[in-house]
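Novice: Contents of structure31.cif (mmCIF, C-alpha atoms) are below:
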data_work
loop_
_atom_site.label_atom_id
_atom_site.label_comp_id
_atom_site.auth_asym_id
_atom_site.auth_seq_id
_atom_site.Cartn_x
_atom_site.Cartn_y
_atom_site.Cartn_z
CA MET A 170 -95.74 17.95 146.88
CA ALA A 171 -98.09 18.26 149.80
CA LYS A 172 -101.64 19.31 149.13
CA LYS A 173 -102.53 22.93 149.75
CA LEU A 174 -104.67 23.69 152.78
CA GLU A 175 -108.25 24.27 151.69
CA SER A 176 -109.84 27.67 152.09
CA THR A 177 -112.29 26.71 154.80
CA PHE A 178 -113.20 29.24 157.44
CA PRO A 179 -111.32 27.62 160.36
CA ASN A 180 -108.24 27.08 158.20
CA MET A 181 -108.17 30.72 157.15
CA VAL A 182 -108.67 32.02 160.70
CA ILE A 183 -105.97 29.78 162.11
CA THR A 184 -103.48 30.61 159.34
CA LEU A 185 -103.92 34.34 159.62
CA LEU A 186 -103.74 34.16 163.40
CA ALA A 187 -100.55 32.12 163.22
CA VAL A 188 -98.89 34.37 160.65
CA ALA A 189 -99.79 37.50 162.59
CA SER A 190 -98.63 36.07 165.93
CA VAL A 191 -95.27 34.96 164.58
CA ALA A 192 -94.82 38.37 162.94
CA ALA A 193 -95.74 40.15 166.18
CA LEU A 194 -93.37 38.04 168.26
CA SER A 195 -90.41 38.52 165.93
CA LEU A 196 -91.02 42.26 165.67
CA GLY A 197 -91.19 42.52 169.44
CA ALA A 198 -87.90 40.68 169.76
CA VAL A 199 -86.13 42.88 167.19
CA TYR A 200 -87.55 46.02 168.81
CA ASN A 201 -86.15 44.99 172.18
CA ILE A 202 -82.72 44.30 170.71
CA THR A 203 -82.48 47.54 168.76
CA LYS A 204 -84.08 49.85 171.32
CA ALA A 205 -80.88 50.67 173.20
CA PRO A 206 -78.67 51.23 170.10
CA ILE A 207 -81.32 53.48 168.51
CA GLU A 208 -81.51 55.65 171.62
CA ALA A 209 -77.73 55.74 171.87
CA ALA A 210 -77.41 56.78 168.21
CA GLN A 211 -79.91 59.59 168.64
CA LYS A 212 -78.31 60.79 171.85
CA LYS A 213 -74.88 60.75 170.27
CA LYS A 214 -76.08 62.80 167.33
CA GLN A 215 -77.64 65.35 169.65
CA GLU A 216 -74.50 65.60 171.76
CA GLU A 217 -72.33 66.08 168.70
CA ALA A 218 -74.58 68.93 167.61
CA ILE A 219 -74.38 70.53 171.06
CA ARG A 220 -70.58 70.28 171.08
CA GLN A 221 -70.48 71.88 167.66
CA VAL A 222 -72.56 74.92 168.60
CA LEU A 223 -71.18 75.74 172.06
CA PRO A 224 -67.77 76.63 173.50
CA ALA A 225 -65.99 73.86 175.41
CA PHE A 226 -67.95 72.62 178.43
CA ASP A 227 -67.73 69.76 180.88
CA ARG A 228 -71.26 69.50 182.25
CA LEU A 229 -74.66 69.61 180.57
CA VAL A 230 -77.99 70.29 182.26
CA THR A 231 -81.07 69.51 180.21
CA SER A 232 -84.29 71.41 180.66
CA LYS A 233 -87.42 72.26 178.75
CA ALA A 234 -88.86 75.67 178.09
CA ILE A 235 -92.28 76.67 176.83
CA SER A 236 -91.85 78.11 173.37
CA ALA A 237 -92.22 81.87 173.06
CA ARG A 238 -94.43 81.22 170.03
CA GLY A 239 -96.92 78.70 171.28
CA THR A 240 -97.72 76.03 173.74
CA ASP A 241 -95.21 73.36 172.86
CA SER A 242 -91.81 73.23 174.49
CA LEU A 243 -88.22 73.31 173.22
CA SER A 244 -85.37 71.32 174.71
CA MET A 245 -82.59 73.46 176.16
CA PHE A 246 -79.15 72.32 177.18
CA TYR A 247 -77.29 74.47 179.70
CA ALA A 248 -73.56 73.94 179.36
CA TYR A 249 -71.26 74.59 182.31
CA GLN A 250 -67.48 74.71 182.52
CA GLY A 251 -66.91 74.21 186.24
CA ASP A 252 -69.60 76.42 187.79
CA GLN A 253 -69.54 78.96 184.99
CA LEU A 254 -72.43 78.92 182.49
CA VAL A 255 -70.72 79.05 179.09
CA GLY A 256 -73.74 78.76 176.82
CA VAL A 257 -77.14 77.33 176.08
CA ALA A 258 -77.97 75.07 173.17
CA VAL A 259 -81.60 75.24 172.03
CA ASN A 260 -83.18 72.51 169.94
CA THR A 261 -85.43 74.72 167.84
CA TYR A 262 -87.57 74.37 164.74
CA THR A 263 -89.73 76.18 162.23
CA ASN A 264 -92.41 74.96 159.87
CA LYS A 265 -91.73 77.72 157.36
CA GLY A 266 -89.16 75.79 155.32
CA PHE A 267 -89.60 75.33 151.58
CA SER A 268 -90.65 71.75 152.33
CA GLY A 269 -91.91 72.15 155.88
CA LEU A 270 -90.03 71.35 159.03
CA VAL A 271 -86.51 72.62 159.61
CA ARG A 272 -84.91 71.67 162.92
CA LEU A 273 -81.77 73.42 164.20
CA MET A 274 -79.51 73.32 167.21
CA VAL A 275 -78.70 76.93 168.06
CA GLY A 276 -75.88 77.66 170.51
CA LEU A 277 -76.36 80.89 172.45
CA LEU A 278 -73.87 82.53 174.78
CA PRO A 279 -75.39 83.51 178.15
CA ASP A 280 -76.06 87.08 176.92
CA GLY A 281 -78.04 85.76 173.92
CA THR A 282 -75.32 86.14 171.27
CA ILE A 283 -75.37 83.37 168.69
CA ASN A 284 -72.25 81.23 169.03
CA ASN A 285 -72.86 78.69 166.27
CA THR A 286 -75.67 76.74 164.64
CA ALA A 287 -76.17 73.23 163.32
CA VAL A 288 -78.93 71.82 161.13
CA LEU A 289 -80.49 68.71 162.68
CA GLU A 290 -83.20 67.96 160.17
CA HIS A 291 -84.49 69.49 156.96
CA LYS A 292 -86.09 68.60 153.64
CA GLU A 293 -84.97 71.64 151.63
CA THR A 294 -84.01 71.35 147.98
CA PRO A 295 -80.67 69.59 147.45
CA GLY A 296 -78.15 71.97 145.96
CA LEU A 297 -80.11 75.10 146.89
CA GLY A 298 -81.74 75.23 150.32
CA ASP A 299 -79.45 72.58 151.76
CA LYS A 300 -76.62 75.12 151.70
CA MET A 301 -77.86 76.00 155.19
CA GLN A 302 -75.83 72.98 156.36
CA GLN A 303 -72.28 73.93 157.22
CA SER A 304 -71.06 70.74 155.55
CA LYS A 305 -72.39 72.09 152.24
CA SER A 306 -71.64 75.80 152.43
CA PRO A 307 -70.28 78.33 154.95
CA TRP A 308 -73.46 80.41 154.58
CA SER A 309 -74.74 80.04 158.15
CA ILE A 310 -71.46 81.24 159.68
CA GLN A 311 -72.62 84.84 159.17
CA PHE A 312 -74.97 84.35 162.13
CA ASN A 313 -72.14 83.63 164.54
CA GLY A 314 -71.33 86.45 166.91
CA LYS A 315 -74.56 88.33 166.27
CA ASN A 316 -77.13 89.01 168.93
CA PRO A 317 -80.75 89.12 167.72
CA SER A 318 -81.57 91.74 170.38
CA THR A 319 -79.12 94.24 168.88
CA SER A 320 -78.73 93.08 165.27
CA ASN A 321 -81.50 93.00 162.72
CA ILE A 322 -81.56 89.26 161.98
CA HIS A 323 -83.72 89.06 158.88
CA VAL A 324 -82.86 88.44 155.25
CA LYS A 325 -82.01 91.57 153.23
CA LYS A 326 -85.22 91.28 151.19
CA ASP A 327 -87.13 91.74 154.43
CA GLY A 328 -84.98 94.71 155.46
CA GLY A 329 -82.50 92.83 157.65
CA GLU A 330 -78.79 92.25 157.42
CA VAL A 331 -78.64 88.54 156.54
CA ASP A 332 -77.46 87.60 153.05
CA ALA A 333 -79.94 85.01 151.81
CA ILE A 334 -78.77 81.87 149.99
CA THR A 335 -78.94 82.54 146.26
CA ALA A 336 -82.17 81.10 144.84
CA ALA A 337 -83.25 79.87 148.27
CA THR A 338 -84.74 82.89 150.02
CA ILE A 339 -87.52 80.83 151.58
CA SER A 340 -85.06 78.37 153.09
CA SER A 341 -82.98 81.29 154.37
CA ARG A 342 -86.06 82.89 155.93
CA ALA A 343 -86.91 79.58 157.58
CA PHE A 344 -83.40 79.35 159.03
CA VAL A 345 -83.69 82.91 160.38
CA ASP A 346 -87.11 82.09 161.78
CA ALA A 347 -85.82 79.03 163.63
CA VAL A 348 -82.88 80.99 165.05
CA LEU A 349 -85.19 83.76 166.26
CA HIS A 350 -87.52 81.17 167.72
CA ALA A 351 -84.64 79.84 169.82
CA HIS A 352 -83.55 83.30 170.89
CA GLU A 353 -87.06 84.46 171.83
CA THR A 354 -87.65 81.34 173.87
CA TYR A 355 -84.30 81.72 175.62
CA THR A 356 -84.82 85.39 176.49
CA LYS A 357 -88.36 84.73 177.64
CA LYS A 358 -87.13 82.00 179.94
CA GLN A 359 -84.33 84.20 181.30
CA GLY A 360 -86.86 87.00 181.87
CA GLY A 361 -89.11 84.66 183.78
CA GLN A 362 -86.29 83.65 186.11
CA GLU A 363 -85.08 87.09 187.00
CA MET B 432 -85.67 26.75 134.06
CA ASN B 433 -82.49 25.95 135.95
CA ASN B 434 -81.30 27.63 139.10
CA LEU B 435 -78.66 29.74 137.44
CA GLN B 436 -81.29 31.28 135.21
CA ASN B 437 -83.50 31.94 138.22
CA PHE B 438 -80.68 34.01 139.65
CA THR B 439 -79.43 35.81 136.54
CA LYS B 440 -82.75 36.73 134.97
CA GLY B 441 -83.35 39.39 137.61
CA LEU B 442 -80.00 41.00 136.93
CA ILE B 443 -80.42 41.82 133.27
CA LYS B 444 -83.16 40.11 131.26
CA GLU B 445 -85.97 40.84 133.70
CA ASN B 446 -84.31 43.64 135.62
CA PRO B 447 -87.11 45.01 137.82
CA VAL B 448 -86.35 48.67 137.16
CA LEU B 449 -84.93 48.75 133.65
CA VAL B 450 -87.15 46.09 132.04
CA LEU B 451 -90.18 45.33 134.24
CA LEU B 452 -90.46 48.97 135.39
CA LEU B 453 -91.59 47.94 138.85
CA GLY B 454 -90.97 49.85 142.07
CA LEU B 455 -90.43 53.21 140.43
CA CYS B 456 -91.45 55.25 143.47
CA PRO B 457 -88.34 54.44 145.54
CA THR B 458 -86.28 54.31 142.35
CA LEU B 459 -87.00 57.92 141.50
CA GLY B 460 -87.19 59.14 145.07
CA VAL B 461 -83.99 57.99 146.72
CA THR B 462 -81.44 57.90 143.94
CA THR B 463 -79.99 61.35 144.53
CA SER B 464 -76.62 59.74 145.12
CA ALA B 465 -75.01 56.39 144.39
CA ILE B 466 -74.71 55.47 148.06
CA ASN B 467 -78.43 56.13 148.66
CA GLY B 468 -79.34 53.96 145.70
CA LEU B 469 -77.09 51.18 146.94
CA GLY B 470 -78.49 51.36 150.48
CA MET B 471 -82.09 51.25 149.28
CA GLY B 472 -81.28 48.45 146.84
CA LEU B 473 -79.65 46.30 149.50
CA ALA B 474 -82.48 46.90 151.98
CA THR B 475 -84.97 45.81 149.31
CA THR B 476 -82.80 42.80 148.44
CA PHE B 477 -82.86 41.67 152.06
CA VAL B 478 -86.65 41.96 152.22
CA LEU B 479 -87.08 40.20 148.86
CA VAL B 480 -84.84 37.27 149.78
CA MET B 481 -86.37 36.79 153.21
CA SER B 482 -89.98 37.10 152.07
CA ASN B 483 -89.40 34.78 149.09
CA LEU B 484 -87.77 32.28 151.42
CA VAL B 485 -90.55 32.34 154.01
CA VAL B 486 -93.36 32.38 151.45
CA SER B 487 -91.93 29.38 149.58
CA LEU B 488 -91.49 27.49 152.86
CA ILE B 489 -95.04 27.96 154.08
CA LYS B 490 -96.84 28.13 150.74
CA ASN B 491 -98.68 24.85 151.37
CA LEU B 492 -99.87 25.92 154.81
CA ILE B 493 -101.62 29.02 153.54
CA PRO B 494 -105.14 28.67 152.11
CA ASP B 495 -105.45 30.40 148.75
CA LYS B 496 -108.08 32.89 149.79
CA VAL B 497 -105.94 34.47 152.52
CA ARG B 498 -102.59 34.26 150.77
CA ILE B 499 -102.27 37.96 149.91
CA PRO B 500 -102.90 39.22 153.48
CA SER B 501 -100.47 36.59 154.78
CA PHE B 502 -97.79 37.65 152.29
CA ILE B 503 -98.27 41.31 153.16
CA VAL B 504 -97.90 40.61 156.88
CA ILE B 505 -94.71 38.65 156.22
CA ILE B 506 -93.28 41.38 153.98
CA ALA B 507 -94.27 44.18 156.36
CA SER B 508 -92.55 42.36 159.24
CA PHE B 509 -89.28 42.09 157.35
CA VAL B 510 -89.47 45.73 156.30
CA THR B 511 -89.97 46.80 159.90
CA ILE B 512 -87.03 44.63 160.95
CA VAL B 513 -84.84 46.32 158.32
CA GLU B 514 -86.03 49.72 159.46
CA LEU B 515 -85.23 49.04 163.11
CA LEU B 516 -81.82 47.53 162.34
CA MET B 517 -80.88 50.38 160.06
CA GLN B 518 -81.97 52.97 162.60
CA ALA B 519 -79.86 51.26 165.24
CA TYR B 520 -76.69 50.48 163.35
CA LEU B 521 -76.64 52.78 160.28
CA PRO B 522 -78.27 55.99 161.57
CA ALA B 523 -76.66 58.17 158.88
CA LEU B 524 -78.06 56.10 156.02
CA PHE B 525 -81.41 55.81 157.79
CA GLU B 526 -81.65 59.59 157.91
CA GLN B 527 -81.29 59.76 154.13
CA LEU B 528 -83.63 56.89 153.33
CA GLY B 529 -85.92 57.09 156.36
CA LEU B 530 -89.12 57.99 154.56
CA PHE B 531 -88.66 55.40 151.83
CA ILE B 532 -87.84 52.35 153.94
CA PRO B 533 -91.46 51.74 155.10
CA LEU B 534 -92.49 52.12 151.46
CA ILE B 535 -90.65 48.89 150.59
CA VAL B 536 -93.85 47.21 151.85
CA VAL B 537 -95.79 48.54 148.91
CA ASN B 538 -92.98 48.05 146.40
CA CYS B 539 -94.70 45.90 143.81
CA ILE B 540 -91.56 43.84 143.16
CA VAL B 541 -91.67 42.28 146.61
CA LEU B 542 -95.30 41.20 146.58
CA GLY B 543 -95.02 40.45 142.88
CA ARG B 544 -92.19 37.95 143.36
CA ALA B 545 -93.92 36.39 146.38
CA GLU B 546 -97.14 35.90 144.43
CA ALA B 547 -95.79 35.10 140.99
CA PHE B 548 -92.73 33.08 141.87
CA ALA B 549 -92.19 32.05 145.49
CA SER B 550 -95.72 30.72 146.03
CA LYS B 551 -95.30 28.36 143.05
CA ASN B 552 -91.67 27.27 143.24
CA ASN B 553 -89.39 25.44 145.64
CA THR B 554 -87.29 27.10 148.31
CA LEU B 555 -83.95 27.17 146.53
CA SER B 556 -85.26 28.68 143.30
CA SER B 557 -87.27 31.23 145.29
CA LEU B 558 -84.20 32.22 147.25
CA LEU B 559 -82.18 32.65 144.05
CA ASP B 560 -85.03 34.51 142.36
CA GLY B 561 -85.25 36.93 145.30
CA LEU B 562 -81.50 37.43 145.36
CA GLY B 563 -81.29 38.01 141.60
CA MET B 564 -84.24 40.41 141.52
CA GLY B 565 -82.95 42.25 144.58
CA LEU B 566 -79.44 42.63 143.22
CA GLY B 567 -80.83 43.69 139.85
CA PHE B 568 -82.87 46.35 141.65
CA ALA B 569 -79.83 47.43 143.70
CA PHE B 570 -77.69 47.56 140.55
CA ALA B 571 -80.20 49.73 138.68
CA LEU B 572 -80.63 52.06 141.66
CA THR B 573 -76.90 52.42 142.19
CA LEU B 574 -76.36 53.12 138.50
CA LEU B 575 -79.12 55.71 138.43
CA GLY B 576 -77.83 57.26 141.65
CA ALA B 577 -74.29 57.40 140.26
CA VAL B 578 -75.43 59.08 137.04
CA ARG B 579 -77.49 61.64 138.92
CA GLU B 580 -74.79 62.32 141.49
CA LEU B 581 -72.12 62.70 138.82
CA LEU B 582 -74.17 65.02 136.62
CA GLY B 583 -75.85 66.90 139.46
CA SER B 584 -73.15 67.43 142.06
CA GLY B 585 -70.01 66.30 140.27
CA ALA B 586 -69.27 63.53 142.75
CA LEU B 587 -69.34 59.75 142.91
CA PHE B 588 -70.03 57.88 146.17
CA SER B 589 -69.66 61.29 147.91
CA ILE B 590 -66.14 61.77 146.52
CA LYS B 591 -66.00 65.12 144.79
CA LEU B 592 -64.62 64.72 141.27
CA ILE B 593 -65.58 68.00 139.65
CA PRO B 594 -65.62 71.17 141.76
CA GLY B 595 -68.73 73.31 142.04
CA ASP B 596 -72.36 72.58 141.22
CA LEU B 597 -73.16 71.09 137.84
CA MET B 598 -76.61 70.47 136.41
CA LEU B 599 -78.66 70.73 139.58
CA VAL B 600 -81.75 69.44 137.83
CA PHE B 601 -80.34 65.92 137.97
CA VAL B 602 -80.43 65.90 141.76
CA LEU B 603 -84.06 67.08 141.71
CA ALA B 604 -87.10 65.00 140.78
CA PRO B 605 -87.28 65.91 137.05
CA GLY B 606 -83.67 64.78 136.63
CA ALA B 607 -84.62 61.38 138.00
CA PHE B 608 -87.13 60.89 135.19
CA ILE B 609 -84.71 62.12 132.54
CA ALA B 610 -81.83 59.95 133.73
CA LEU B 611 -84.07 56.88 134.14
CA GLY B 612 -85.47 57.37 130.65
CA TYR B 613 -82.01 57.36 129.10
CA LEU B 614 -80.94 54.37 131.17
CA ILE B 615 -83.99 52.38 130.01
CA ALA B 616 -83.30 53.33 126.39
CA LEU B 617 -79.70 52.23 126.81
CA SER B 618 -80.63 48.92 128.39
CA ARG B 619 -83.13 48.22 125.58
CA LYS B 620 -80.43 48.87 123.02
CA LEU B 621 -78.02 46.57 124.84
CA ASN B 622 -80.59 43.83 125.42
CA LYS B 623 -81.51 43.60 121.76
#
Could you rewrite the structure in this file as structure tokens?

Specialist:
Amino acid sequence: MAKKLESTFPNMVITLLAVASVAALSLGAVYNITKAPIEAAQKKKQEEAIRQVLPAFDRLVTSKAISARGTDSLSMFYAYQGDQLVGVAVNTYTNKGFSGLVRLMVGLLPDGTINNTAVLEHKETPGLGDKMQQSKSPWSIQFNGKNPSTSNIHVKKDGGEVDAITAATISSRAFVDAVLHAHETYTKKQGGQE
Amino acid sequence: MNNLQNFTKGLIKENPVLVLLLGLCPTLGVTTSAINGLGMGLATTFVLVMSNLVVSLIKNLIPDKVRIPSFIVIIASFVTIVELLMQAYLPALFEQLGLFIPLIVVNCIVLGRAEAFASKNNTLSSLLDGLGMGLGFAFALTLLGAVRELLGSGALFSIKLIPGDLMLVFVLAPGAFIALGYLIALSRKLNK
């Protein structure tokens, strides 16, 4: 068996430098290979969510809008069938979830009525708050067809007309909050254009 | 110790989770379902095998005083590679495990095997040791995930067996401790 390299200063510097350089090179190579598939996977997921929340469309125009709540911006996707605007999907979020961030895709018809919603990202309690996902429970379907300008979209505990998820009122409030966030931002943007 | 023993000891006798009790953070965190446990276990296996392999190959080129930083850099590189590959080709699994994948770096099994085994043994035994330990880890995680999924949501590998919600506590963090405790007791009984 070959003798171990001694721990002299030059030996240590050279070894660490070599290990770090090889690591950096291989990471760079893997990053380059996986960059395109990662972007494609994320784009595909987003498109699936948009298709789920909007009526059929054949053209999508992406834009950004300043949030009605602050200075950051939300992504909006204007869906057209021919020249007719059929709906707008808003990538919205709230930080009021039981475990922080909840990100939704909310599909609005041009007049602001909610068409459908999809959960993009959440950390709510499994079995309780995660019922906001349509794959787990039909709870969020009650939002469809309601317009936040004319309906009182708040959970019943807060005086609104939304049935909260049993034992997950905070998650339900967060969902409502994210939906309203999308609607406010959409109406504000429409108002600015007219 | 022969090569077969190097491989099999990780599976049962020195199972990292059930006997050595190493790497409990990902064990308790991700095992809400059998498929999550399996995914995490296989990702860790890959990192363990690769880092054991590389460490045993270059063990004589690394001066003793800088061996730990070198090992950590090697391990962290493989973890990042796993993370990127998973994000690219298994986005659904990555979404479930996302937070825990970078934590493989600090999983004590990986550094522990590099330091205690791979830096003192030849390449073949190190490879087998990594594979055995990794598969033992994957086995324990899958088992724990299966128990929790079955008791908590009445399903196994996402296939619903019993309708409705069962004992939700098993899907939550306290259930992880309870289920792991019983599994360790069981494995002690069987190992005796």

Novice: Evaluate the PyMOL selection byres ((chain A) within 10 of (chain B)) against this structure - the residues, as a ChimeraX atom specification, please.

Specialist: /A:170-178,180-189,191-193,195-211,214,290,294-297

Novice: Can you list, as a ChimeraX atom specification, the residues that the PyMOL selection byres ((chain A and resi 249-263) around 7) selects here?

Specialist: /A:219,223-224,226-229,243-248,264-266,270-279,343,346-347,350-351

Novice: Determine the residue set returned by the PyMOL selection byres ((chain A and resi 298) around 9) for the present structure, and present it as a PDB file with C-alpha atoms, in the coordinates of the input.

Specialist:
ATOM      1  CA  GLY A 266     -89.160  75.790 155.320  1.00  0.00           C
ATOM      2  CA  PHE A 267     -89.600  75.330 151.580  1.00  0.00           C
ATOM      3  CA  LYS A 292     -86.090  68.600 153.640  1.00  0.00           C
ATOM      4  CA  GLU A 293     -84.970  71.640 151.630  1.00  0.00           C
ATOM      5  CA  THR A 294     -84.010  71.350 147.980  1.00  0.00           C
ATOM      6  CA  PRO A 295     -80.670  69.590 147.450  1.00  0.00           C
ATOM      7  CA  GLY A 296     -78.150  71.970 145.960  1.00  0.00           C
ATOM      8  CA  LEU A 297     -80.110  75.100 146.890  1.00  0.00           C
ATOM      9  CA  ASP A 299     -79.450  72.580 151.760  1.00  0.00           C
ATOM     10  CA  LYS A 300     -76.620  75.120 151.700  1.00  0.00           C
ATOM     11  CA  MET A 301     -77.860  76.000 155.190  1.00  0.00           C
ATOM     12  CA  GLN A 302     -75.830  72.980 156.360  1.00  0.00           C
ATOM     13  CA  ILE A 334     -78.770  81.870 149.990  1.00  0.00           C
ATOM     14  CA  THR A 335     -78.940  82.540 146.260  1.00  0.00           C
ATOM     15  CA  ALA A 336     -82.170  81.100 144.840  1.00  0.00           C
ATOM     16  CA  ALA A 337     -83.250  79.870 148.270  1.00  0.00           C
ATOM     17  CA  THR A 338     -84.740  82.890 150.020  1.00  0.00           C
ATOM     18  CA  ILE A 339     -87.520  80.830 151.580  1.00  0.00           C
ATOM     19  CA  SER A 340     -85.060  78.370 153.090  1.00  0.00           C
ATOM     20  CA  SER A 341     -82.980  81.290 154.370  1.00  0.00           C
TER      21      SER A 341
END

Novice: For each of B:Leu528, B:Ala604, B:Leu621, B:Ala549, take the minimum atom-to-atom distance to Ile466 in chain B, counting only C-alpha atoms, then give the residue where this is smallest.

Specialist: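 Ranked by minimum distance to Ile466 in chain B, first place goes to B:Leu528.
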
Novice: Work out how far apart CA of Thr458 in chain B and CA of Leu614 in chain B are and give it in Å to one decimal.

Specialist: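 Atom-to-atom, CA of Thr458 in chain B and CA of Leu614 in chain B are spaced 12.4 Å apart.
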
Novice: CA of Glu216 in chain A and CA of Leu473 in chain B, how far apart in Å?

Specialist: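 These atoms are spaced 29.9 Å apart.
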
Novice: Report, as JSON, the axis-aligned box around all atoms of range 496-504 of chain B present in the file, extended by 8 Å on each side; give centre and edge lengths in Å to one decimal place.

Specialist:
{"center_x": -102.9, "center_y": 37.1, "center_z": 153.3, "size_x": 26.3, "size_y": 24.4, "size_z": 23.1}

Novice: Excluding range 310-324 of chain A and any residue of its chain fewer than 2 positions from it, enumerate the residues within 7 Å of it, using all atoms listed in the file, and give them as a ChimeraX atom specification.

Specialist: /A:281-285,307-308,326-333,342,345

Novice: Would you mind exporting the chosen residues as a PDB file, keeping the file's coordinate frame, restricted to C-alpha atoms?

Specialist:
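Dumped everything to result-v1.pdb:
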ATOM      1  CA  GLY A 281     -78.040  85.760 173.920  1.00  0.00           C
ATOM      2  CA  THR A 282     -75.320  86.140 171.270  1.00  0.00           C
ATOM      3  CA  ILE A 283     -75.370  83.370 168.690  1.00  0.00           C
ATOM      4  CA  ASN A 284     -72.250  81.230 169.030  1.00  0.00           C
ATOM      5  CA  ASN A 285     -72.860  78.690 166.270  1.00  0.00           C
ATOM      6  CA  PRO A 307     -70.280  78.330 154.950  1.00  0.00           C
ATOM      7  CA  TRP A 308     -73.460  80.410 154.580  1.00  0.00           C
ATOM      8  CA  LYS A 326     -85.220  91.280 151.190  1.00  0.00           C
ATOM      9  CA  ASP A 327     -87.130  91.740 154.430  1.00  0.00           C
ATOM     10  CA  GLY A 328     -84.980  94.710 155.460  1.00  0.00           C
ATOM     11  CA  GLY A 329     -82.500  92.830 157.650  1.00  0.00           C
ATOM     12  CA  GLU A 330     -78.790  92.250 157.420  1.00  0.00           C
ATOM     13  CA  VAL A 331     -78.640  88.540 156.540  1.00  0.00           C
ATOM     14  CA  ASP A 332     -77.460  87.600 153.050  1.00  0.00           C
ATOM     15  CA  ALA A 333     -79.940  85.010 151.810  1.00  0.00           C
ATOM     16  CA  ARG A 342     -86.060  82.890 155.930  1.00  0.00           C
ATOM     17  CA  VAL A 345     -83.690  82.910 160.380  1.00  0.00           C
TER      18      VAL A 345
END

Novice: Quick check, in Å to one decimal: how far apart do CA of His291 in chain A and CA of Ile609 in chain B lie?

Specialist: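 Interatomic distance, CA of His291 in chain A to CA of Ile609 in chain B: 25.5 Å.
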